[in-house]
>>> print(open('work06.pdb').read())   # PDB, C-alpha atoms
ATOM      1  CA  MET E   1      38.523  10.829-132.211  1.00  0.00           C
ATOM      2  CA  LYS E   2      35.603  10.090-134.484  1.00  0.00           C
ATOM      3  CA  LYS E   3      35.933   6.357-133.765  1.00  0.00           C
ATOM      4  CA  GLY E   4      36.262   6.803-129.940  1.00  0.00           C
ATOM      5  CA  LEU E   5      32.914   8.518-129.291  1.00  0.00           C
ATOM      6  CA  PRO E   6      30.767   5.925-131.085  1.00  0.00           C
ATOM      7  CA  ALA E   7      32.593   3.170-129.208  1.00  0.00           C
ATOM      8  CA  VAL E   8      31.855   4.810-125.828  1.00  0.00           C
ATOM      9  CA  VAL E   9      28.193   5.283-126.773  1.00  0.00           C
ATOM     10  CA  ALA E  10      27.972   1.633-127.832  1.00  0.00           C
ATOM     11  CA  VAL E  11      29.466   0.502-124.504  1.00  0.00           C
ATOM     12  CA  VAL E  12      27.030   2.664-122.497  1.00  0.00           C
ATOM     13  CA  ILE E  13      24.050   1.362-124.502  1.00  0.00           C
ATOM     14  CA  GLY E  14      25.289  -2.201-123.990  1.00  0.00           C
ATOM     15  CA  ILE E  15      25.544  -1.698-120.212  1.00  0.00           C
ATOM     16  CA  LEU E  16      22.082  -0.154-120.021  1.00  0.00           C
ATOM     17  CA  ALA E  17      20.606  -2.980-122.042  1.00  0.00           C
ATOM     18  CA  ALA E  18      22.326  -5.627-119.919  1.00  0.00           C
ATOM     19  CA  VAL E  19      21.336  -4.178-116.531  1.00  0.00           C
ATOM     20  CA  PRO E  20      17.587  -4.345-115.922  1.00  0.00           C
ATOM     21  CA  LEU E  21      16.200  -1.147-114.527  1.00  0.00           C
ATOM     22  CA  LYS E  22      14.050  -1.534-111.448  1.00  0.00           C
ATOM     23  CA  ALA E  23      11.512   1.127-112.184  1.00  0.00           C
ATOM     24  CA  GLY E  24       8.716   1.348-109.668  1.00  0.00           C
ATOM     25  CA  VAL E  25      10.512  -0.670-106.993  1.00  0.00           C
ATOM     26  CA  LYS E  26      10.391   1.095-103.645  1.00  0.00           C
ATOM     27  CA  VAL E  27      13.553   0.747-101.618  1.00  0.00           C
ATOM     28  CA  THR E  28      13.035   1.127 -97.888  1.00  0.00           C
ATOM     29  CA  ALA E  29      15.751   1.708 -95.350  1.00  0.00           C
ATOM     30  CA  ALA E  30      16.213  -0.598 -92.390  1.00  0.00           C
ATOM     31  CA  PRO E  31      14.125   0.540 -89.432  1.00  0.00           C
ATOM     32  CA  GLU E  32      15.806   2.720 -86.854  1.00  0.00           C
ATOM     33  CA  PRO E  33      16.181   1.007 -83.471  1.00  0.00           C
ATOM     34  CA  VAL E  34      13.808   2.215 -80.749  1.00  0.00           C
ATOM     35  CA  GLU E  35      15.369   2.820 -77.347  1.00  0.00           C
ATOM     36  CA  SER E  36      13.267   2.632 -74.188  1.00  0.00           C
ATOM     37  CA  PRO E  37      14.502   3.307 -70.647  1.00  0.00           C
ATOM     38  CA  VAL E  38      13.382   0.457 -68.389  1.00  0.00           C
ATOM     39  CA  ALA E  39      13.959  -1.425 -65.174  1.00  0.00           C
ATOM     40  CA  PHE E  40      13.458  -5.192 -64.975  1.00  0.00           C
ATOM     41  CA  ARG E  41      11.387  -6.494 -62.033  1.00  0.00           C
ATOM     42  CA  ALA E  42      11.592 -10.192 -61.163  1.00  0.00           C
ATOM     43  CA  PRO E  43       8.583 -12.143 -59.839  1.00  0.00           C
ATOM     44  CA  ASP E  44       9.809 -11.747 -56.234  1.00  0.00           C
ATOM     45  CA  GLY E  45       9.770  -7.937 -56.582  1.00  0.00           C
ATOM     46  CA  LYS E  46      13.558  -7.606 -56.850  1.00  0.00           C
ATOM     47  CA  TYR E  47      15.159  -5.704 -59.730  1.00  0.00           C
ATOM     48  CA  VAL E  48      17.953  -6.711 -62.095  1.00  0.00           C
ATOM     49  CA  SER E  49      20.961  -4.703 -60.933  1.00  0.00           C
ATOM     50  CA  THR E  50      24.457  -4.038 -62.176  1.00  0.00           C
ATOM     51  CA  VAL E  51      27.401  -5.139 -60.100  1.00  0.00           C
ATOM     52  CA  THR E  52      31.011  -3.981 -60.339  1.00  0.00           C
ATOM     53  CA  GLY E  53      33.098  -5.959 -62.814  1.00  0.00           C
ATOM     54  CA  GLY E  54      30.457  -6.214 -65.541  1.00  0.00           C
ATOM     55  CA  PHE E  55      28.157  -8.513 -63.623  1.00  0.00           C
ATOM     56  CA  LEU E  56      24.391  -8.537 -63.022  1.00  0.00           C
ATOM     57  CA  SER E  57      22.363  -9.588 -59.999  1.00  0.00           C
ATOM     58  CA  LEU E  58      18.766  -9.830 -58.854  1.00  0.00           C
ATOM     59  CA  SER E  59      19.326  -7.890 -55.661  1.00  0.00           C
ATOM     60  CA  GLY E  60      17.752  -4.479 -56.205  1.00  0.00           C
ATOM     61  CA  ASP E  61      15.017  -3.624 -53.706  1.00  0.00           C
ATOM     62  CA  LYS E  62      14.092  -0.401 -55.526  1.00  0.00           C
ATOM     63  CA  ILE E  63      14.923   1.387 -58.759  1.00  0.00           C
ATOM     64  CA  GLY E  64      18.123   3.404 -58.560  1.00  0.00           C
ATOM     65  CA  SER E  65      20.932   4.137 -61.010  1.00  0.00           C
ATOM     66  CA  ARG E  66      22.146   0.490 -60.961  1.00  0.00           C
ATOM     67  CA  GLN E  67      18.684  -0.772 -61.984  1.00  0.00           C
ATOM     68  CA  MET E  68      18.213   1.570 -64.974  1.00  0.00           C
ATOM     69  CA  PHE E  69      18.716   0.023 -68.414  1.00  0.00           C
ATOM     70  CA  THR E  70      17.872   0.856 -72.014  1.00  0.00           C
ATOM     71  CA  ILE E  71      16.218  -1.809 -74.118  1.00  0.00           C
ATOM     72  CA  VAL E  72      17.196  -1.259 -77.755  1.00  0.00           C
ATOM     73  CA  ASP E  73      14.542  -2.797 -80.017  1.00  0.00           C
ATOM     74  CA  LEU E  74      16.450  -3.409 -83.240  1.00  0.00           C
ATOM     75  CA  ASN E  75      13.423  -3.803 -85.506  1.00  0.00           C
ATOM     76  CA  GLY E  76      12.202  -0.294 -84.724  1.00  0.00           C
ATOM     77  CA  SER E  77       9.127  -1.086 -82.654  1.00  0.00           C
ATOM     78  CA  GLU E  78       8.091  -1.204 -79.047  1.00  0.00           C
ATOM     79  CA  PRO E  79       9.213  -4.419 -77.298  1.00  0.00           C
ATOM     80  CA  ALA E  80       7.079  -7.340 -78.487  1.00  0.00           C
ATOM     81  CA  ASP E  81       7.274 -11.124 -78.804  1.00  0.00           C
ATOM     82  CA  GLY E  82      10.085 -12.244 -81.096  1.00  0.00           C
ATOM     83  CA  ASP E  83      11.813  -8.847 -81.310  1.00  0.00           C
ATOM     84  CA  PRO E  84      15.605  -8.749 -81.513  1.00  0.00           C
ATOM     85  CA  VAL E  85      16.935  -6.508 -78.723  1.00  0.00           C
ATOM     86  CA  LYS E  86      20.096  -5.389 -76.982  1.00  0.00           C
ATOM     87  CA  VAL E  87      20.132  -4.284 -73.348  1.00  0.00           C
ATOM     88  CA  ARG E  88      22.397  -1.371 -72.412  1.00  0.00           C
ATOM     89  CA  TYR E  89      23.449  -0.004 -69.045  1.00  0.00           C
ATOM     90  CA  ILE E  90      24.864   3.514 -68.746  1.00  0.00           C
ATOM     91  CA  PRO E  91      26.222   4.526 -65.336  1.00  0.00           C
ATOM     92  CA  GLY E  92      25.162   7.684 -63.570  1.00  0.00           C
ATOM     93  CA  LYS E  93      21.461   7.362 -64.438  1.00  0.00           C
ATOM     94  CA  GLY E  94      22.343   7.253 -68.120  1.00  0.00           C
ATOM     95  CA  THR E  95      24.616  10.286 -68.141  1.00  0.00           C
ATOM     96  CA  ASP E  96      28.073   8.728 -68.621  1.00  0.00           C
ATOM     97  CA  GLN E  97      27.831   7.508 -72.235  1.00  0.00           C
ATOM     98  CA  THR E  98      31.570   6.652 -72.346  1.00  0.00           C
ATOM     99  CA  LYS E  99      31.143   3.826 -69.837  1.00  0.00           C
ATOM    100  CA  GLY E 100      28.082   2.147 -71.341  1.00  0.00           C
ATOM    101  CA  SER E 101      27.909  -1.635 -71.486  1.00  0.00           C
ATOM    102  CA  TYR E 102      25.555  -4.243 -72.927  1.00  0.00           C
ATOM    103  CA  TRP E 103      24.308  -7.623 -71.759  1.00  0.00           C
ATOM    104  CA  VAL E 104      26.372 -10.321 -73.416  1.00  0.00           C
ATOM    105  CA  GLU E 105      26.126 -14.098 -73.535  1.00  0.00           C
ATOM    106  CA  THR E 106      29.304 -15.903 -72.498  1.00  0.00           C
ATOM    107  CA  ALA E 107      29.946 -19.622 -72.230  1.00  0.00           C
ATOM    108  CA  ASP E 108      29.163 -19.405 -68.500  1.00  0.00           C
ATOM    109  CA  GLY E 109      26.178 -17.026 -68.461  1.00  0.00           C
ATOM    110  CA  ILE E 110      25.164 -13.399 -68.884  1.00  0.00           C
ATOM    111  CA  LYS E 111      27.317 -10.415 -67.948  1.00  0.00           C
ATOM    112  CA  ARG E 112      28.085  -6.996 -69.477  1.00  0.00           C
ATOM    113  CA  ASN E 113      30.674  -5.773 -71.970  1.00  0.00           C
ATOM    114  CA  SER E 114      31.131  -3.053 -74.589  1.00  0.00           C
ATOM    115  CA  GLU E 115      29.711  -5.033 -77.539  1.00  0.00           C
ATOM    116  CA  GLY E 116      26.818  -7.055 -76.178  1.00  0.00           C
ATOM    117  CA  SER E 117      24.678  -9.769 -77.723  1.00  0.00           C
ATOM    118  CA  VAL E 118      21.357  -9.630 -79.550  1.00  0.00           C
ATOM    119  CA  PHE E 119      18.625 -11.358 -77.547  1.00  0.00           C
ATOM    120  CA  LYS E 120      15.176 -12.428 -78.690  1.00  0.00           C
ATOM    121  CA  LEU E 121      12.227 -11.356 -76.547  1.00  0.00           C
ATOM    122  CA  LYS E 122       9.646 -13.951 -75.611  1.00  0.00           C
ATOM    123  CA  VAL E 123       6.364 -12.754 -74.095  1.00  0.00           C
ATOM    124  CA  VAL E 124       4.673 -14.974 -71.498  1.00  0.00           C
ATOM    125  CA  ASP E 125       1.613 -13.612 -69.658  1.00  0.00           C
ATOM    126  CA  ASN E 126       2.639  -9.940 -70.173  1.00  0.00           C
ATOM    127  CA  LYS E 127       6.138 -10.659 -68.872  1.00  0.00           C
ATOM    128  CA  PHE E 128       9.342 -10.915 -70.884  1.00  0.00           C
ATOM    129  CA  ALA E 129      11.904 -13.699 -71.131  1.00  0.00           C
ATOM    130  CA  PHE E 130      15.224 -13.209 -72.899  1.00  0.00           C
ATOM    131  CA  GLN E 131      16.532 -15.842 -75.283  1.00  0.00           C
ATOM    132  CA  ALA E 132      20.290 -15.612 -75.859  1.00  0.00           C
ATOM    133  CA  PRO E 133      21.912 -16.088 -79.287  1.00  0.00           C
ATOM    134  CA  SER E 134      22.659 -19.730 -78.357  1.00  0.00           C
ATOM    135  CA  GLY E 135      18.922 -20.367 -77.986  1.00  0.00           C
ATOM    136  CA  LYS E 136      19.192 -20.678 -74.200  1.00  0.00           C
ATOM    137  CA  PHE E 137      17.091 -18.615 -71.800  1.00  0.00           C
ATOM    138  CA  ILE E 138      18.274 -16.318 -69.016  1.00  0.00           C
ATOM    139  CA  THR E 139      17.291 -17.748 -65.619  1.00  0.00           C
ATOM    140  CA  GLY E 140      17.004 -16.161 -62.201  1.00  0.00           C
ATOM    141  CA  VAL E 141      19.960 -18.129 -60.868  1.00  0.00           C
ATOM    142  CA  VAL E 142      23.257 -16.330 -60.292  1.00  0.00           C
ATOM    143  CA  THR E 143      26.308 -18.545 -60.770  1.00  0.00           C
ATOM    144  CA  ALA E 144      29.245 -18.741 -58.337  1.00  0.00           C
ATOM    145  CA  ASP E 145      31.087 -16.473 -60.784  1.00  0.00           C
ATOM    146  CA  GLY E 146      28.373 -13.796 -60.507  1.00  0.00           C
ATOM    147  CA  LEU E 147      26.777 -14.413 -63.900  1.00  0.00           C
ATOM    148  CA  LEU E 148      23.067 -14.822 -64.600  1.00  0.00           C
ATOM    149  CA  SER E 149      22.805 -18.451 -65.666  1.00  0.00           C
ATOM    150  CA  LEU E 150      21.265 -19.910 -68.814  1.00  0.00           C
ATOM    151  CA  SER E 151      18.945 -22.862 -69.422  1.00  0.00           C
ATOM    152  CA  ASP E 152      17.935 -24.839 -72.491  1.00  0.00           C
ATOM    153  CA  LYS E 153      14.407 -25.136 -71.089  1.00  0.00           C
ATOM    154  CA  PRO E 154      11.939 -22.287 -71.705  1.00  0.00           C
ATOM    155  CA  ALA E 155      10.158 -23.295 -68.472  1.00  0.00           C
ATOM    156  CA  ASN E 156      13.269 -22.184 -66.518  1.00  0.00           C
ATOM    157  CA  ALA E 157      13.310 -18.713 -68.082  1.00  0.00           C
ATOM    158  CA  LEU E 158      13.292 -15.712 -65.769  1.00  0.00           C
ATOM    159  CA  LEU E 159      10.066 -13.804 -66.475  1.00  0.00           C
ATOM    160  CA  LEU E 160      10.624 -10.076 -66.034  1.00  0.00           C
ATOM    161  CA  THR E 161       8.224  -7.153 -65.928  1.00  0.00           C
ATOM    162  CA  LEU E 162       9.461  -4.176 -67.922  1.00  0.00           C
ATOM    163  CA  VAL E 163       9.021  -1.024 -65.826  1.00  0.00           C
ATOM    164  CA  ASP E 164       8.806   1.996 -68.152  1.00  0.00           C
ATOM    165  CA  LEU E 165      11.167   4.761 -67.002  1.00  0.00           C
ATOM    166  CA  SER E 166      10.493   7.213 -69.848  1.00  0.00           C
ATOM    167  CA  SER E 167       8.671   9.515 -67.422  1.00  0.00           C
ATOM    168  CA  GLY E 168      11.094   8.913 -64.571  1.00  0.00           C
ATOM    169  CA  ILE E 169      11.058   6.404 -61.759  1.00  0.00           C
ATOM    170  CA  PRO E 170       7.447   5.532 -60.886  1.00  0.00           C
ATOM    171  CA  LYS E 171       6.318   6.274 -57.372  1.00  0.00           C
ATOM    172  CA  VAL E 172       5.778   3.123 -55.377  1.00  0.00           C
ATOM    173  CA  PRO E 173       3.137   3.448 -52.690  1.00  0.00           C
ATOM    174  CA  LYS E 174       4.523   2.937 -49.227  1.00  0.00           C
ATOM    175  CA  LYS E 175       3.378  -0.133 -47.390  1.00  0.00           C
ATOM    176  CA  PRO E 176       1.001   0.784 -44.580  1.00  0.00           C
ATOM    177  CA  LYS E 177       2.488   0.435 -41.148  1.00  0.00           C
ATOM    178  CA  ALA E 178       0.993  -2.184 -38.893  1.00  0.00           C
ATOM    179  CA  PRO E 179      -1.269  -0.522 -36.339  1.00  0.00           C
ATOM    180  CA  ALA E 180       0.344  -0.087 -32.944  1.00  0.00           C
ATOM    181  CA  PRO E 181      -1.323  -1.934 -30.108  1.00  0.00           C
ATOM    182  CA  ASP E 182      -3.876   0.327 -28.500  1.00  0.00           C
ATOM    183  CA  ALA E 183      -2.765   1.048 -24.937  1.00  0.00           C
ATOM    184  CA  ALA E 184      -6.150   2.505 -24.031  1.00  0.00           C
ATOM    185  CA  ALA E 185      -8.048  -0.663 -24.951  1.00  0.00           C
ATOM    186  CA  PRO E 186      -9.717  -2.298 -21.962  1.00  0.00           C
ATOM    187  CA  ALA E 187      -8.090  -5.417 -20.688  1.00  0.00           C
ATOM    188  CA  LYS E 188      -9.969  -8.649 -21.135  1.00  0.00           C
ATOM    189  CA  PRO E 189     -11.782  -9.736 -18.023  1.00  0.00           C
ATOM    190  CA  ALA E 190     -10.150 -12.558 -16.170  1.00  0.00           C
ATOM    191  CA  THR E 191     -12.071 -15.806 -16.180  1.00  0.00           C
ATOM    192  CA  GLU E 192     -12.762 -17.578 -12.937  1.00  0.00           C
TER     193      GLU E 192
END
>>> encode(input="work06.pdb", output="structure tokens")
Amino acid sequence: MKKGLPAVVAVVIGILAAVPLKAGVKVTAAPEPVESPVAFRAPDGKYVSTVTGGFLSLSGDKIGSRQMFTIVDLNGSEPADGDPVKVRYIPGKGTDQTKGSYWVETADGIKRNSEGSVFKLKVVDNKFAFQAPSGKFITGVVTADGLLSLSDKPANALLLTLVDLSSGIPKVPKKPKAPAPDAAAPAKPATE
């Protein structure tokens, strides 16, 4: 046994000498993703909406459960230009976690599935465009198959306003009604 202990000590010293110690190096963990509840408003005032079968449309007139999404900023910040993000939809105003789905790029366009794709945000005049993993941009055109289409050209990108839903659905002021014609107004005099 006297020979075994010195051999073990020699091996340990050899390993310690061979492996450089990284004293003073600070190891930081990857940032935690930041999740923000949002709705996406298109330039025409319509909202991105979910459709049965894992599809998306631009048909929402107001924000309801089918227009509520969560943008997951993977670099741990608020959504900004160049950020990698995933977009999640959870039915029932976000209450049914078991049926959640993510936006995903397919060969034919954008739809939803359980895995999703990582998109890159592009900011243009305070609006957001989504660049798919292929480098193509989501457009405002819905294909015959019900998918949001993609384009190679940044100029064709759908520019969306992110509506913050962290405090609930914002109140939208009602449009004023057109004034009713005044029945008591005097008639115009007839010209001779």
>>> closest_residue(input="work06.pdb", among="E:Phe137, E:Lys153, E:Leu162, E:Lys171", to="Gln67 (chain E)", atoms="all atoms listed in the file")
E:Leu162
>>> atom_distance(input="work06.pdb", atom1="CA of Ala157 (chain E)", atom2="CA of Gly109 (chain E)")
13.0 Å
>>> resolve_selection(input="work06.pdb", expression="the PyMOL selection byres ((chain E and resi 77-94) around 6)", output="list in words")
Ser65, Phe69, Thr70, Ile71, Val72, Asp73, Leu74, Asn75, Gly76, Thr95, Asp96, Gly100, Ser101, Tyr102, Trp103, Val118, Phe119, Lys120, Leu121, Lys122 and Val123 of chain E
>>> write_last_selection(input="work06.pdb", atoms="C-alpha atoms", output="PDB file, keeping the file's coordinate frame")
ATOM      1  CA  SER E  65      20.932   4.137 -61.010  1.00  0.00           C
ATOM      2  CA  PHE E  69      18.716   0.023 -68.414  1.00  0.00           C
ATOM      3  CA  THR E  70      17.872   0.856 -72.014  1.00  0.00           C
ATOM      4  CA  ILE E  71      16.218  -1.809 -74.118  1.00  0.00           C
ATOM      5  CA  VAL E  72      17.196  -1.259 -77.755  1.00  0.00           C
ATOM      6  CA  ASP E  73      14.542  -2.797 -80.017  1.00  0.00           C
ATOM      7  CA  LEU E  74      16.450  -3.409 -83.240  1.00  0.00           C
ATOM      8  CA  ASN E  75      13.423  -3.803 -85.506  1.00  0.00           C
ATOM      9  CA  GLY E  76      12.202  -0.294 -84.724  1.00  0.00           C
ATOM     10  CA  THR E  95      24.616  10.286 -68.141  1.00  0.00           C
ATOM     11  CA  ASP E  96      28.073   8.728 -68.621  1.00  0.00           C
ATOM     12  CA  GLY E 100      28.082   2.147 -71.341  1.00  0.00           C
ATOM     13  CA  SER E 101      27.909  -1.635 -71.486  1.00  0.00           C
ATOM     14  CA  TYR E 102      25.555  -4.243 -72.927  1.00  0.00           C
ATOM     15  CA  TRP E 103      24.308  -7.623 -71.759  1.00  0.00           C
ATOM     16  CA  VAL E 118      21.357  -9.630 -79.550  1.00  0.00           C
ATOM     17  CA  PHE E 119      18.625 -11.358 -77.547  1.00  0.00           C
ATOM     18  CA  LYS E 120      15.176 -12.428 -78.690  1.00  0.00           C
ATOM     19  CA  LEU E 121      12.227 -11.356 -76.547  1.00  0.00           C
ATOM     20  CA  LYS E 122       9.646 -13.951 -75.611  1.00  0.00           C
ATOM     21  CA  VAL E 123       6.364 -12.754 -74.095  1.00  0.00           C
TER      22      VAL E 123
END
>>> closest_residue(input="work06.pdb", among="E:Asp125, E:Gly168, E:Ala42, E:Thr98", to="Ile138 (chain E)", atoms="all atoms listed in the file")
E:Ala42
>>> atom_distance(input="work06.pdb", atom1="CA of Ser134 (chain E)", atom2="CA of Glu105 (chain E)")
8.2 Å
>>> residues_around(input="work06.pdb", residues="Asp164 (chain E)", least_positions_apart="6", cutoff="7 Å", atoms="only C-alpha atoms", output="MDAnalysis selection string")
chainID E and resid 37:39
>>> resolve_selection(input="work06.pdb", expression="the PyMOL selection byres ((chain E and resi 51) around 12)", output="mmCIF file with C-alpha atoms, in the coordinates of the input")
data_model
loop_
_atom_site.group_PDB
_atom_site.id
_atom_site.type_symbol
_atom_site.label_atom_id
_atom_site.label_comp_id
_atom_site.auth_asym_id
_atom_site.auth_seq_id
_atom_site.Cartn_x
_atom_site.Cartn_y
_atom_site.Cartn_z
ATOM 1 C CA VAL E 48 17.953 -6.711 -62.095
ATOM 2 C CA SER E 49 20.961 -4.703 -60.933
ATOM 3 C CA THR E 50 24.457 -4.038 -62.176
ATOM 4 C CA THR E 52 31.011 -3.981 -60.339
ATOM 5 C CA GLY E 53 33.098 -5.959 -62.814
ATOM 6 C CA GLY E 54 30.457 -6.214 -65.541
ATOM 7 C CA PHE E 55 28.157 -8.513 -63.623
ATOM 8 C CA LEU E 56 24.391 -8.537 -63.022
ATOM 9 C CA SER E 57 22.363 -9.588 -59.999
ATOM 10 C CA LEU E 58 18.766 -9.830 -58.854
ATOM 11 C CA SER E 59 19.326 -7.890 -55.661
ATOM 12 C CA GLY E 60 17.752 -4.479 -56.205
ATOM 13 C CA SER E 65 20.932 4.137 -61.010
ATOM 14 C CA ARG E 66 22.146 0.490 -60.961
ATOM 15 C CA GLN E 67 18.684 -0.772 -61.984
ATOM 16 C CA TYR E 89 23.449 -0.004 -69.045
ATOM 17 C CA PRO E 91 26.222 4.526 -65.336
ATOM 18 C CA SER E 101 27.909 -1.635 -71.486
ATOM 19 C CA LYS E 111 27.317 -10.415 -67.948
ATOM 20 C CA ARG E 112 28.085 -6.996 -69.477
ATOM 21 C CA VAL E 142 23.257 -16.330 -60.292
ATOM 22 C CA ASP E 145 31.087 -16.473 -60.784
ATOM 23 C CA GLY E 146 28.373 -13.796 -60.507
ATOM 24 C CA LEU E 147 26.777 -14.413 -63.900
ATOM 25 C CA LEU E 148 23.067 -14.822 -64.600
#
>>> atom_distance(input="work06.pdb", atom1="CA of Val34 (chain E)", atom2="CA of Lys136 (chain E)")
24.4 Å
>>> closest_residue(input="work06.pdb", among="E:Ala29, E:Val124, E:Leu150, E:Ile63", to="Arg41 (chain E)", atoms="only C-alpha atoms")
E:Ile63
>>> axis_aligned_box(input="work06.pdb", around="region 114-133 of chain E", padding_each_side="5 Å", output="JSON")
{"center_x": 16.4, "center_y": -9.6, "center_z": -74.2, "size_x": 39.5, "size_y": 23.0, "size_z": 20.7}
